[in-house]
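A.B. asks: Sharing final31.cif here; it has mmCIF, C-alpha atoms and all ligand atoms.
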```cif
data_start
loop_
_atom_site.group_PDB
_atom_site.id
_atom_site.type_symbol
_atom_site.label_atom_id
_atom_site.label_comp_id
_atom_site.auth_asym_id
_atom_site.auth_seq_id
_atom_site.Cartn_x
_atom_site.Cartn_y
_atom_site.Cartn_z
ATOM 1 C CA MET B 633 -7.193 11.071 13.104
ATOM 2 C CA THR B 634 -5.950 8.818 10.379
ATOM 3 C CA GLY B 635 -2.361 7.638 10.332
ATOM 4 C CA ALA B 636 -0.557 7.135 7.031
ATOM 5 C CA PRO B 637 -0.882 3.569 5.794
ATOM 6 C CA THR B 638 2.327 1.683 6.358
ATOM 7 C CA GLY B 639 1.586 -1.430 4.350
ATOM 8 C CA HIS B 640 4.059 -3.721 2.721
ATOM 9 C CA ALA B 641 2.871 -3.921 -0.870
ATOM 10 C CA THR B 642 5.642 -5.149 -3.151
ATOM 11 C CA ALA B 643 7.594 -2.265 -4.703
ATOM 12 C CA GLY B 644 7.091 -1.998 -8.460
ATOM 13 C CA ALA B 645 3.958 -4.176 -8.501
ATOM 14 C CA ALA B 646 0.953 -2.887 -10.421
ATOM 15 C CA PRO B 647 -1.269 -0.859 -8.121
ATOM 16 C CA ALA B 648 -3.830 -3.251 -6.692
ATOM 17 C CA ALA B 649 -7.119 -2.509 -4.992
ATOM 18 C CA PRO B 650 -6.672 -2.163 -1.256
ATOM 19 C CA ALA B 651 -7.379 -5.303 0.746
ATOM 20 C CA VAL B 652 -10.201 -3.390 2.442
ATOM 21 C CA ALA B 653 -11.857 -0.099 1.526
ATOM 22 C CA LEU B 654 -14.633 1.470 3.570
ATOM 23 C CA ARG B 655 -16.292 4.756 2.634
ATOM 24 C CA GLY B 656 -18.789 6.451 4.898
ATOM 25 C CA ALA B 657 -19.581 3.025 6.351
ATOM 26 C CA ALA B 658 -22.249 2.614 9.013
ATOM 27 C CA VAL B 659 -23.651 -0.483 10.702
ATOM 28 C CA GLU B 660 -26.825 -1.106 12.635
ATOM 29 C CA ARG B 661 -28.012 -3.917 14.819
ATOM 30 C CA GLY B 662 -31.774 -3.765 15.138
ATOM 31 C CA THR B 663 -32.522 -0.085 15.603
ATOM 32 C CA ARG B 664 -29.136 0.674 17.153
ATOM 33 C CA ARG B 665 -26.469 2.331 14.989
ATOM 34 C CA LEU B 666 -23.136 1.011 16.245
ATOM 35 C CA TRP B 667 -20.854 3.327 14.280
ATOM 36 C CA SER B 668 -21.003 5.469 11.144
ATOM 37 C CA ASP B 669 -18.905 7.595 8.772
ATOM 38 C CA LEU B 670 -16.037 5.105 8.877
ATOM 39 C CA ASP B 671 -13.476 5.616 6.098
ATOM 40 C CA LEU B 672 -10.645 3.112 6.008
ATOM 41 C CA ASP B 673 -8.225 1.879 3.344
ATOM 42 C CA VAL B 674 -6.158 -1.146 4.302
ATOM 43 C CA PRO B 675 -3.333 -1.800 1.829
ATOM 44 C CA ALA B 676 -1.800 -5.214 1.253
ATOM 45 C CA GLY B 677 0.378 -6.294 4.149
ATOM 46 C CA GLU B 678 -0.926 -3.827 6.714
ATOM 47 C CA PHE B 679 -1.576 -5.082 10.266
ATOM 48 C CA ILE B 680 -4.448 -3.285 11.981
ATOM 49 C CA ALA B 681 -5.499 -3.911 15.569
ATOM 50 C CA ILE B 682 -9.182 -3.271 16.290
ATOM 51 C CA LEU B 683 -9.809 -2.352 19.908
ATOM 52 C CA GLY B 684 -12.766 -1.238 21.968
ATOM 53 C CA PRO B 685 -15.070 -2.310 24.787
ATOM 54 C CA ASN B 686 -17.630 -5.112 24.564
ATOM 55 C CA GLY B 687 -20.435 -4.346 22.169
ATOM 56 C CA SER B 688 -18.630 -1.523 20.330
ATOM 57 C CA GLY B 689 -19.015 -3.318 16.991
ATOM 58 C CA LYS B 690 -15.615 -4.913 16.370
ATOM 59 C CA THR B 691 -16.970 -8.337 15.396
ATOM 60 C CA THR B 692 -19.716 -6.605 13.426
ATOM 61 C CA LEU B 693 -17.079 -4.923 11.259
ATOM 62 C CA LEU B 694 -15.557 -8.334 10.480
ATOM 63 C CA GLN B 695 -19.032 -9.654 9.635
ATOM 64 C CA VAL B 696 -19.487 -6.844 7.096
ATOM 65 C CA LEU B 697 -16.168 -7.748 5.446
ATOM 66 C CA LEU B 698 -17.169 -11.416 5.401
ATOM 67 C CA GLY B 699 -20.317 -10.484 3.485
ATOM 68 C CA LEU B 700 -22.532 -11.632 6.360
ATOM 69 C CA LEU B 701 -24.041 -8.243 7.166
ATOM 70 C CA PRO B 702 -24.901 -5.348 4.817
ATOM 71 C CA LEU B 703 -23.870 -1.818 5.696
ATOM 72 C CA ALA B 704 -26.626 0.520 6.819
ATOM 73 C CA ALA B 705 -24.875 3.276 4.805
ATOM 74 C CA GLY B 706 -21.721 3.768 2.771
ATOM 75 C CA GLU B 707 -19.628 1.289 0.819
ATOM 76 C CA ALA B 708 -17.390 -1.640 1.636
ATOM 77 C CA GLN B 709 -14.950 -3.415 -0.678
ATOM 78 C CA VAL B 710 -12.653 -6.368 -0.135
ATOM 79 C CA GLY B 711 -9.931 -6.652 -2.772
ATOM 80 C CA GLY B 712 -11.867 -4.213 -4.979
ATOM 81 C CA ARG B 713 -15.164 -6.115 -4.796
ATOM 82 C CA ARG B 714 -18.229 -6.126 -2.640
ATOM 83 C CA PRO B 715 -17.728 -8.445 0.318
ATOM 84 C CA GLN B 716 -18.825 -11.973 -0.586
ATOM 85 C CA GLN B 717 -19.678 -14.850 1.699
ATOM 86 C CA GLY B 718 -17.366 -17.830 1.320
ATOM 87 C CA SER B 719 -14.600 -15.948 -0.540
ATOM 88 C CA ASN B 720 -11.428 -18.024 -0.632
ATOM 89 C CA ARG B 721 -9.393 -14.764 -0.612
ATOM 90 C CA VAL B 722 -10.399 -14.114 2.988
ATOM 91 C CA GLY B 723 -9.217 -16.157 5.968
ATOM 92 C CA TYR B 724 -11.219 -15.912 9.179
ATOM 93 C CA VAL B 725 -10.350 -16.850 12.734
ATOM 94 C CA PRO B 726 -13.720 -16.622 14.516
ATOM 95 C CA GLN B 727 -14.221 -15.675 18.128
ATOM 96 C CA GLN B 728 -13.539 -18.753 20.147
ATOM 97 C CA LYS B 729 -16.308 -21.189 21.019
ATOM 98 C CA ALA B 730 -15.464 -24.630 22.351
ATOM 99 C CA LEU B 731 -16.108 -27.326 19.759
ATOM 100 C CA ASP B 732 -18.541 -30.118 20.566
ATOM 101 C CA PRO B 733 -16.489 -32.912 22.196
ATOM 102 C CA ASN B 734 -18.146 -35.403 19.828
ATOM 103 C CA VAL B 735 -17.605 -33.538 16.560
ATOM 104 C CA PRO B 736 -16.363 -36.260 14.163
ATOM 105 C CA LEU B 737 -13.370 -34.364 12.744
ATOM 106 C CA ARG B 738 -9.646 -34.852 13.103
ATOM 107 C CA GLY B 739 -7.317 -31.869 13.324
ATOM 108 C CA ARG B 740 -6.401 -32.185 9.649
ATOM 109 C CA ASP B 741 -10.073 -32.410 8.560
ATOM 110 C CA PHE B 742 -10.829 -29.256 10.513
ATOM 111 C CA VAL B 743 -7.924 -27.361 8.906
ATOM 112 C CA GLY B 744 -8.920 -28.738 5.482
ATOM 113 C CA LEU B 745 -12.276 -26.937 5.791
ATOM 114 C CA GLY B 746 -10.286 -23.787 5.007
ATOM 115 C CA LEU B 747 -9.590 -25.083 1.468
ATOM 116 C CA ASP B 748 -12.383 -24.691 -1.013
ATOM 117 C CA GLY B 749 -13.531 -27.315 -3.460
ATOM 118 C CA HIS B 750 -13.263 -25.090 -6.555
ATOM 119 C CA ARG B 751 -9.556 -24.720 -6.331
ATOM 120 C CA PHE B 752 -8.831 -28.363 -5.731
ATOM 121 C CA GLY B 753 -11.676 -30.011 -7.591
ATOM 122 C CA PRO B 754 -12.102 -33.740 -6.989
ATOM 123 C CA VAL B 755 -9.557 -34.661 -4.386
ATOM 124 C CA LEU B 756 -7.667 -37.404 -6.189
ATOM 125 C CA GLY B 757 -4.073 -38.240 -7.114
ATOM 126 C CA ARG B 758 -1.695 -35.266 -7.287
ATOM 127 C CA ARG B 759 -4.375 -32.877 -6.039
ATOM 128 C CA ARG B 760 -4.948 -35.054 -3.057
ATOM 129 C CA ARG B 761 -1.216 -35.042 -2.268
ATOM 130 C CA GLU B 762 -1.011 -31.286 -2.802
ATOM 131 C CA ARG B 763 -3.979 -30.739 -0.539
ATOM 132 C CA ARG B 764 -2.505 -32.938 2.160
ATOM 133 C CA ALA B 765 0.858 -31.141 1.918
ATOM 134 C CA ARG B 766 -0.820 -27.750 2.379
ATOM 135 C CA ILE B 767 -2.760 -28.956 5.372
ATOM 136 C CA ASP B 768 0.379 -30.494 6.892
ATOM 137 C CA ASP B 769 2.230 -27.223 6.320
ATOM 138 C CA ALA B 770 -0.536 -25.180 7.985
ATOM 139 C CA LEU B 771 -0.591 -27.592 10.936
ATOM 140 C CA HIS B 772 3.166 -27.337 11.220
ATOM 141 C CA GLN B 773 3.129 -23.524 11.121
ATOM 142 C CA VAL B 774 0.981 -23.369 14.243
ATOM 143 C CA GLY B 775 2.894 -26.175 15.958
ATOM 144 C CA ALA B 776 -0.042 -28.592 15.744
ATOM 145 C CA ASP B 777 1.604 -31.556 13.982
ATOM 146 C CA ALA B 778 1.096 -33.712 17.049
ATOM 147 C CA TRP B 779 -2.686 -33.600 16.901
ATOM 148 C CA ALA B 780 -3.232 -33.717 13.152
ATOM 149 C CA ASP B 781 -5.136 -36.981 13.602
ATOM 150 C CA ALA B 782 -6.660 -36.303 17.031
ATOM 151 C CA PRO B 783 -10.429 -35.692 17.353
ATOM 152 C CA VAL B 784 -10.747 -31.874 17.545
ATOM 153 C CA GLY B 785 -13.489 -31.968 20.189
ATOM 154 C CA ARG B 786 -11.081 -33.556 22.646
ATOM 155 C CA LEU B 787 -8.381 -30.894 22.286
ATOM 156 C CA SER B 788 -7.865 -28.048 24.767
ATOM 157 C CA GLY B 789 -9.195 -24.558 24.001
ATOM 158 C CA GLY B 790 -5.713 -23.348 23.069
ATOM 159 C CA GLU B 791 -5.070 -26.351 20.817
ATOM 160 C CA GLN B 792 -8.390 -25.791 19.044
ATOM 161 C CA GLN B 793 -7.512 -22.124 18.661
ATOM 162 C CA ARG B 794 -4.252 -22.952 16.919
ATOM 163 C CA LEU B 795 -6.192 -25.166 14.499
ATOM 164 C CA ARG B 796 -8.524 -22.246 13.765
ATOM 165 C CA VAL B 797 -5.507 -20.137 12.830
ATOM 166 C CA ALA B 798 -4.191 -22.953 10.594
ATOM 167 C CA GLN B 799 -7.633 -23.223 8.955
ATOM 168 C CA ALA B 800 -7.617 -19.476 8.207
ATOM 169 C CA LEU B 801 -4.124 -19.626 6.689
ATOM 170 C CA VAL B 802 -4.379 -22.822 4.653
ATOM 171 C CA GLY B 803 -6.292 -21.161 1.796
ATOM 172 C CA ASP B 804 -3.470 -18.623 1.188
ATOM 173 C CA PRO B 805 -5.715 -15.577 1.811
ATOM 174 C CA ASP B 806 -5.104 -11.926 0.823
ATOM 175 C CA LEU B 807 -6.969 -10.754 3.907
ATOM 176 C CA LEU B 808 -7.045 -12.291 7.364
ATOM 177 C CA LEU B 809 -9.849 -11.371 9.752
ATOM 178 C CA CYS B 810 -8.990 -12.471 13.275
ATOM 179 C CA ASP B 811 -11.461 -12.167 16.161
ATOM 180 C CA GLU B 812 -9.551 -12.346 19.438
ATOM 181 C CA PRO B 813 -7.314 -15.142 18.182
ATOM 182 C CA LEU B 814 -5.036 -15.105 21.236
ATOM 183 C CA LEU B 815 -7.731 -16.137 23.717
ATOM 184 C CA SER B 816 -6.817 -19.379 25.525
ATOM 185 C CA LEU B 817 -3.256 -19.305 24.248
ATOM 186 C CA ASP B 818 -0.369 -19.299 26.696
ATOM 187 C CA LEU B 819 2.214 -16.535 26.284
ATOM 188 C CA ALA B 820 4.552 -18.748 24.222
ATOM 189 C CA HIS B 821 1.834 -19.660 21.759
ATOM 190 C CA GLN B 822 0.528 -16.086 21.625
ATOM 191 C CA GLY B 823 4.021 -15.244 20.393
ATOM 192 C CA VAL B 824 3.930 -18.103 17.856
ATOM 193 C CA VAL B 825 0.626 -16.905 16.384
ATOM 194 C CA VAL B 826 1.610 -13.204 16.303
ATOM 195 C CA ASP B 827 4.968 -14.041 14.643
ATOM 196 C CA LEU B 828 3.193 -16.268 12.142
ATOM 197 C CA LEU B 829 0.705 -13.537 11.158
ATOM 198 C CA ASP B 830 3.488 -10.972 10.977
ATOM 199 C CA ARG B 831 5.571 -13.198 8.694
ATOM 200 C CA ARG B 832 2.527 -13.965 6.597
ATOM 201 C CA ARG B 833 1.761 -10.289 5.919
ATOM 202 C CA ARG B 834 5.420 -9.464 5.239
ATOM 203 C CA ASP B 835 6.106 -12.443 2.939
ATOM 204 C CA HIS B 836 2.746 -12.695 1.174
ATOM 205 C CA GLY B 837 1.268 -9.204 1.545
ATOM 206 C CA THR B 838 -1.729 -10.544 3.443
ATOM 207 C CA ALA B 839 -3.521 -7.697 5.217
ATOM 208 C CA VAL B 840 -4.477 -8.492 8.824
ATOM 209 C CA LEU B 841 -7.421 -7.082 10.789
ATOM 210 C CA PHE B 842 -6.960 -8.274 14.320
ATOM 211 C CA VAL B 843 -9.693 -7.745 16.945
ATOM 212 C CA THR B 844 -8.225 -7.805 20.415
ATOM 213 C CA HIS B 845 -8.689 -6.533 23.945
ATOM 214 C CA GLU B 846 -4.951 -6.720 24.533
ATOM 215 C CA ILE B 847 -2.722 -4.432 22.492
ATOM 216 C CA ASN B 848 0.595 -5.503 24.017
ATOM 217 C CA PRO B 849 0.995 -8.959 22.440
ATOM 218 C CA VAL B 850 0.636 -7.359 18.975
ATOM 219 C CA LEU B 851 2.174 -3.946 19.676
ATOM 220 C CA PRO B 852 5.532 -4.758 17.994
ATOM 221 C CA VAL B 853 3.800 -5.659 14.705
ATOM 222 C CA VAL B 854 0.830 -3.271 14.557
ATOM 223 C CA ASP B 855 0.834 -0.540 11.894
ATOM 224 C CA ARG B 856 -2.402 1.145 12.895
ATOM 225 C CA VAL B 857 -5.106 0.887 15.527
ATOM 226 C CA LEU B 858 -8.840 1.322 14.967
ATOM 227 C CA TYR B 859 -10.312 2.065 18.390
ATOM 228 C CA LEU B 860 -14.129 1.983 18.647
ATOM 229 C CA VAL B 861 -16.091 3.242 21.666
ATOM 230 C CA ASP B 862 -19.828 3.776 21.691
ATOM 231 C CA GLY B 863 -20.040 4.987 18.093
ATOM 232 C CA ARG B 864 -16.890 7.118 18.312
ATOM 233 C CA PHE B 865 -13.609 5.937 16.802
ATOM 234 C CA ARG B 866 -10.023 6.886 16.088
ATOM 235 C CA ILE B 867 -7.682 5.433 13.485
ATOM 236 C CA GLY B 868 -3.940 5.959 13.619
ATOM 237 C CA THR B 869 -0.639 4.555 14.715
ATOM 238 C CA PRO B 870 -0.453 3.194 18.278
ATOM 239 C CA ASP B 871 1.436 6.358 19.271
ATOM 240 C CA GLU B 872 -1.385 8.494 17.902
ATOM 241 C CA VAL B 873 -4.315 6.556 19.335
ATOM 242 C CA MET B 874 -3.034 5.031 22.558
ATOM 243 C CA THR B 875 -2.746 8.269 24.501
ATOM 244 C CA SER B 876 -4.530 9.501 27.625
ATOM 245 C CA GLU B 877 -5.986 12.393 25.648
ATOM 246 C CA THR B 878 -7.402 10.288 22.794
ATOM 247 C CA LEU B 879 -8.789 7.487 24.963
ATOM 248 C CA SER B 880 -10.301 9.955 27.464
ATOM 249 C CA GLU B 881 -12.029 11.627 24.528
ATOM 250 C CA LEU B 882 -13.281 8.297 23.179
ATOM 251 C CA TYR B 883 -14.518 7.045 26.554
ATOM 252 C CA GLN B 884 -15.669 10.542 27.571
ATOM 253 C CA ALA B 885 -14.123 9.831 30.943
ATOM 254 C CA PRO B 886 -10.625 10.045 32.372
ATOM 255 C CA VAL B 887 -8.353 7.283 31.090
ATOM 256 C CA ASP B 888 -4.615 7.151 31.788
ATOM 257 C CA VAL B 889 -2.302 5.582 29.267
ATOM 258 C CA VAL B 890 1.157 4.828 30.597
ATOM 259 C CA ARG B 891 4.138 3.459 28.708
ATOM 260 C CA VAL B 892 6.244 1.038 30.752
ATOM 261 C CA ARG B 893 9.261 -0.097 28.780
ATOM 262 C CA ASP B 894 7.758 -1.451 25.542
ATOM 263 C CA ARG B 895 4.269 -1.988 26.948
ATOM 264 C CA ILE B 896 1.157 0.152 27.141
ATOM 265 C CA LEU B 897 -0.921 0.182 30.308
ATOM 266 C CA VAL B 898 -4.432 1.567 30.133
ATOM 267 C CA VAL B 899 -6.105 2.519 33.401
ATOM 268 C CA GLY B 900 -9.719 3.612 33.563
ATOM 269 C CA HIS B 901 -11.389 5.607 36.287
ATOM 270 C CA GLU B 902 -14.910 5.465 37.677
ATOM 271 C CA ASP B 903 -17.251 4.374 34.902
ATOM 272 C CA SER B 904 -14.840 4.356 32.000
ATOM 273 C CA VAL B 905 -14.362 0.958 30.460
ATOM 274 C CA VAL B 906 -10.931 -0.073 29.300
ATOM 275 C CA HIS B 907 -9.409 -3.170 27.845
ATOM 276 C CA HIS B 908 -7.008 -5.453 29.608
ATOM 277 C CA THR B 909 -3.401 -5.046 28.668
ATOM 278 C CA GLY B 910 -2.273 -8.642 29.093
ATOM 279 C CA ALA B 911 -1.629 -11.013 31.966
ATOM 280 C CA ALA B 912 1.873 -9.700 32.580
ATOM 281 C CA ASP B 913 0.447 -6.245 33.286
ATOM 282 C CA ASP B 914 -1.995 -7.274 35.927
ATOM 283 C CA VAL B 915 0.619 -6.851 38.625
ATOM 284 C CA LEU B 916 1.444 -3.371 37.357
ATOM 285 C CA MET B 917 -1.964 -1.842 36.882
ATOM 286 C CA PRO B 918 -4.768 -1.153 39.329
ATOM 287 C CA ALA B 919 -7.891 -3.050 38.368
ATOM 288 C CA PRO B 920 -10.263 -0.801 36.427
ATOM 289 C CA THR B 921 -13.794 -0.509 37.747
ATOM 290 C CA HIS B 922 -14.957 -2.443 34.677
ATOM 291 C CA ALA B 923 -12.793 -4.253 32.229
ATOM 292 C CA SER B 924 -13.920 -5.661 28.932
HETATM 293 N N1 LIG K 1001 -27.083 -11.004 15.393
HETATM 294 C C1 LIG K 1001 -27.287 -9.920 16.156
HETATM 295 N N2 LIG K 1001 -28.507 -9.393 16.288
HETATM 296 C C2 LIG K 1001 -28.729 -8.299 17.035
HETATM 297 N N3 LIG K 1001 -27.757 -7.646 17.708
HETATM 298 C C3 LIG K 1001 -26.527 -8.126 17.617
HETATM 299 C C4 LIG K 1001 -26.222 -9.294 16.845
HETATM 300 N N4 LIG K 1001 -24.887 -9.528 16.938
HETATM 301 C C5 LIG K 1001 -24.399 -8.560 17.741
HETATM 302 N N5 LIG K 1001 -25.376 -7.732 18.148
HETATM 303 C C6 LIG K 1001 -25.199 -6.558 19.008
HETATM 304 O O1 LIG K 1001 -24.358 -5.636 18.328
HETATM 305 C C7 LIG K 1001 -23.487 -5.005 19.257
HETATM 306 C C8 LIG K 1001 -22.063 -5.148 18.757
HETATM 307 O O2 LIG K 1001 -21.693 -6.515 18.816
HETATM 308 P P1 LIG K 1001 -20.238 -6.977 18.415
HETATM 309 O O3 LIG K 1001 -20.214 -8.456 18.594
HETATM 310 O O4 LIG K 1001 -19.880 -6.423 17.091
HETATM 311 O O5 LIG K 1001 -19.345 -6.253 19.519
HETATM 312 P P2 LIG K 1001 -17.803 -6.434 19.860
HETATM 313 O O6 LIG K 1001 -17.215 -5.064 19.860
HETATM 314 O O7 LIG K 1001 -17.183 -7.423 18.959
HETATM 315 O O8 LIG K 1001 -17.896 -6.972 21.351
HETATM 316 P P3 LIG K 1001 -17.008 -8.031 22.197
HETATM 317 O O9 LIG K 1001 -15.775 -7.287 22.627
HETATM 318 O O10 LIG K 1001 -17.902 -8.329 23.359
HETATM 319 O O11 LIG K 1001 -16.749 -9.224 21.338
HETATM 320 C C9 LIG K 1001 -23.737 -5.657 20.602
HETATM 321 O O12 LIG K 1001 -24.528 -4.792 21.364
HETATM 322 C C10 LIG K 1001 -24.470 -6.922 20.271
HETATM 323 O O13 LIG K 1001 -25.373 -7.269 21.285
#
```
Translate this file's structure into structure tokens.
C.D. replies:
Amino acid sequence: MTGAPTGHATAGAAPAAPAVALRGAAVERGTRRLWSDLDLDVPAGEFIAILGPNGSGKTTLLQVLLGLLPLAAGEAQVGGRRPQQGSNRVGYVPQQKALDPNVPLRGRDFVGLGLDGHRFGPVLGRRRRERRARIDDALHQVGADAWADAPVGRLSGGEQQRLRVAQALVGDPDLLLCDEPLLSLDLAHQGVVVDLLDRRRRDHGTAVLFVTHEINPVLPVVDRVLYLVDGRFRIGTPDEVMTSETLSELYQAPVDVVRVRDRILVVGHEDSVVHHTGAADDVLMPAPTHAS
């Protein structure tokens, strides 16, 4: 199932290469094929949530698009080119790992790592001021002005996570790859980050691939879902993919999907593995046998 792209490319603009194009793509880790035959076009401005249990290959897909891992079969393009390591057109929010408490970087240094040297050249005079202004703006967008000069290793997990988002945005990317960027964020700051990414894709046409175990915080902004389970996958709108029938087929076990107001609750049975649906749902849903 493939839903119609609902991107936000500017009307009247010359047709551009999609932000991401995958054709017959397959990935392997060691001797294990994680998924194959994946076709996906992501136009400018589209917001795609990537869901699936632990180990289904969500992060691996981002690594392919970052040019860190070759496909085992098929083709991948980012902005019409083969994925390249270190591309300044791609912003990346990696899966969260606490930073070393002694890392000798301030918040603004950490965000500045998202700007490449080619574009700014020697950082002197006007360029230096321009660079500083962009970093300040990125810090401000994630509400991190207060710790611009604080050592990053001493910040909380959520504060560090907001700096990672600022670092991904500061380079003005065409594609944002986000690996569980809401982890460690309280509900208010989850909303800040989701609104920021949504504004970014609407105003600048940045395509967003957003790996998450929790669909509800992004449900209002998601165009399509790519749901990966044990080599099987579905692509489509949330209404197409997030159904009992589709998820039961993917998990090959009974899964109930229930809509409660504007939220989706996913309940697994026996050995099926389902994702959490967000802290606010925990009171509403029975605990699954396993939850990723
Ligand atoms: N560098 C590596 N070498 C070998 N196997 C790897 C490597 N990185 C990941 N894997 C394996 O590939 C599989 C997919 O990993 P991946 O990180 O893409 O899953 P994921 O869907 O992002 O999972 P999670 O929800 O736990 O983050 C896992 O079984 C993992 O153990």
A.B. asks: Might you spell out which residues the PyMOL selection byres (((chain B and resi 807) around 6) and not hetatm) would select in the displayed file, as a short mmCIF file (atom, residue, chain, number, x, y, z; two decimals) with C-alpha atoms, keeping the file's coordinate frame?
C.D. replies:
```cif
data_model
loop_
_atom_site.label_atom_id
_atom_site.label_comp_id
_atom_site.auth_asym_id
_atom_site.auth_seq_id
_atom_site.Cartn_x
_atom_site.Cartn_y
_atom_site.Cartn_z
CA VAL B 722 -10.40 -14.11 2.99
CA PRO B 805 -5.72 -15.58 1.81
CA ASP B 806 -5.10 -11.93 0.82
CA LEU B 808 -7.04 -12.29 7.36
CA THR B 838 -1.73 -10.54 3.44
CA ALA B 839 -3.52 -7.70 5.22
CA VAL B 840 -4.48 -8.49 8.82
#
```
A.B. asks: Is it possible to get the residues within 12 Å of (-1.1, -33.2, 3.5) (coordinates as in the file, counting all atoms listed in the file) written as a PDB file with C-alpha atoms, keeping the file's coordinate frame?
C.D. replies:
```
ATOM      1  CA  GLY B 739      -7.317 -31.869  13.324  1.00  0.00           C
ATOM      2  CA  ARG B 740      -6.401 -32.185   9.649  1.00  0.00           C
ATOM      3  CA  ASP B 741     -10.073 -32.410   8.560  1.00  0.00           C
ATOM      4  CA  VAL B 743      -7.924 -27.361   8.906  1.00  0.00           C
ATOM      5  CA  GLY B 744      -8.920 -28.738   5.482  1.00  0.00           C
ATOM      6  CA  LEU B 747      -9.590 -25.083   1.468  1.00  0.00           C
ATOM      7  CA  VAL B 755      -9.557 -34.661  -4.386  1.00  0.00           C
ATOM      8  CA  ARG B 758      -1.695 -35.266  -7.287  1.00  0.00           C
ATOM      9  CA  ARG B 759      -4.375 -32.877  -6.039  1.00  0.00           C
ATOM     10  CA  ARG B 760      -4.948 -35.054  -3.057  1.00  0.00           C
ATOM     11  CA  ARG B 761      -1.216 -35.042  -2.268  1.00  0.00           C
ATOM     12  CA  GLU B 762      -1.011 -31.286  -2.802  1.00  0.00           C
ATOM     13  CA  ARG B 763      -3.979 -30.739  -0.539  1.00  0.00           C
ATOM     14  CA  ARG B 764      -2.505 -32.938   2.160  1.00  0.00           C
ATOM     15  CA  ALA B 765       0.858 -31.141   1.918  1.00  0.00           C
ATOM     16  CA  ARG B 766      -0.820 -27.750   2.379  1.00  0.00           C
ATOM     17  CA  ILE B 767      -2.760 -28.956   5.372  1.00  0.00           C
ATOM     18  CA  ASP B 768       0.379 -30.494   6.892  1.00  0.00           C
ATOM     19  CA  ASP B 769       2.230 -27.223   6.320  1.00  0.00           C
ATOM     20  CA  ALA B 770      -0.536 -25.180   7.985  1.00  0.00           C
ATOM     21  CA  LEU B 771      -0.591 -27.592  10.936  1.00  0.00           C
ATOM     22  CA  HIS B 772       3.166 -27.337  11.220  1.00  0.00           C
ATOM     23  CA  ASP B 777       1.604 -31.556  13.982  1.00  0.00           C
ATOM     24  CA  ALA B 780      -3.232 -33.717  13.152  1.00  0.00           C
ATOM     25  CA  ASP B 781      -5.136 -36.981  13.602  1.00  0.00           C
ATOM     26  CA  VAL B 802      -4.379 -22.822   4.653  1.00  0.00           C
TER      27      VAL B 802
END
```
A.B. asks: Determine the residue set returned by the PyMOL selection byres (((not hetatm)) within 7 of (chain K and resi 1001)) for the present structure, and present it as a CSV table (one decimal) with C-alpha atoms, keeping the file's coordinate frame.
C.D. replies:
```
chain,number,residue,atom,x,y,z
B,661,ARG,CA,-28.0,-3.9,14.8
B,662,GLY,CA,-31.8,-3.8,15.1
B,666,LEU,CA,-23.1,1.0,16.2
B,684,GLY,CA,-12.8,-1.2,22.0
B,685,PRO,CA,-15.1,-2.3,24.8
B,686,ASN,CA,-17.6,-5.1,24.6
B,687,GLY,CA,-20.4,-4.3,22.2
B,688,SER,CA,-18.6,-1.5,20.3
B,689,GLY,CA,-19.0,-3.3,17.0
B,690,LYS,CA,-15.6,-4.9,16.4
B,691,THR,CA,-17.0,-8.3,15.4
B,692,THR,CA,-19.7,-6.6,13.4
B,693,LEU,CA,-17.1,-4.9,11.3
B,924,SER,CA,-13.9,-5.7,28.9
```
A.B. asks: Give as a PyMOL selection string the residues that the PyMOL selection byres (((chain B and resi 859) around 10) and not hetatm) matches when applied to the coordinates above.
C.D. replies: chain B and resi 681-685+688+690+843+856-858+860-861+864-868+870+873-874+878-879+882
A.B. asks: Write out as a VMD selection string each polymer residue whose atoms come within 9 Å of Gln773 of chain B, counting all atoms listed in the file; drop sequence neighbours fewer than 6 positions from it.
C.D. replies: chain B and resid 798 824 to 825 828
A.B. asks: Find the residues around Gly803 of chain B up to 8 Å (only C-alpha atoms counted), leave out those fewer than 6 positions away in its own chain, and share them as number ranges by chain.
C.D. replies: B: 720-721, 723, 746-748
A.B. asks: Could you check the closest approach to Pro783 of chain B for each of B:Pro726, B:Pro813, B:Pro736, B:Pro849 and tell me which residue wins, using only C-alpha atoms?
C.D. replies: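 Looking only at the distances to Pro783 of chain B, the closest residue turns out to be B:Pro736.
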A.B. asks: Just checking: using only C-alpha atoms, which residue out of B:Ala649, B:Leu697, B:Cys810, B:Val784 ends up closest to Asp732 of chain B?
C.D. replies: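 Using only C-alpha atoms, the shortest distance to Asp732 of chain B belongs to B:Val784.
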A.B. asks: Figure out the distance between atom CA of Gln799 of chain B and atom CA of Leu745 of chain B, please, to one decimal in Å.
C.D. replies: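 Straight-line distance from atom CA of Leu745 of chain B to atom CA of Gln799 of chain B works out to 6.7 Å.
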A.B. asks: Could you jot down the atom CA of Glu812 of chain B to atom CA of Asn848 of chain B separation for me, Å, one decimal place?
C.D. replies: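 These two atoms are separated by 13.1 Å.
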A.B. asks: What separation in Å, quoted to one decimal, exists between atom CA of Val725 of chain B and atom CA of Arg713 of chain B?
C.D. replies: 21.1 Å
A.B. asks: For each of B:Asp673, B:Ala730, B:Glu877, B:Phe679, take the minimum atom-to-atom distance to Asp827 of chain B, counting all atoms listed in the file, then give the residue where this is smallest.
C.D. replies: B:Phe679
A.B. asks: Which one is closest to Val854 of chain B: B:Ala658, B:Ile680, B:Leu703, B:Leu829? Count all atoms listed in the file.
C.D. replies: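 Nearest candidate to Val854 of chain B out of B:Ala658, B:Ile680, B:Leu703, B:Leu829: B:Ile680.
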A.B. asks: Would you please work out which residue, of B:His836, B:Ala782, B:Asp894, B:His821, is nearest to Val735 of chain B when using only C-alpha atoms?
C.D. replies: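 Among the listed residues, B:Ala782 lies closest to Val735 of chain B.
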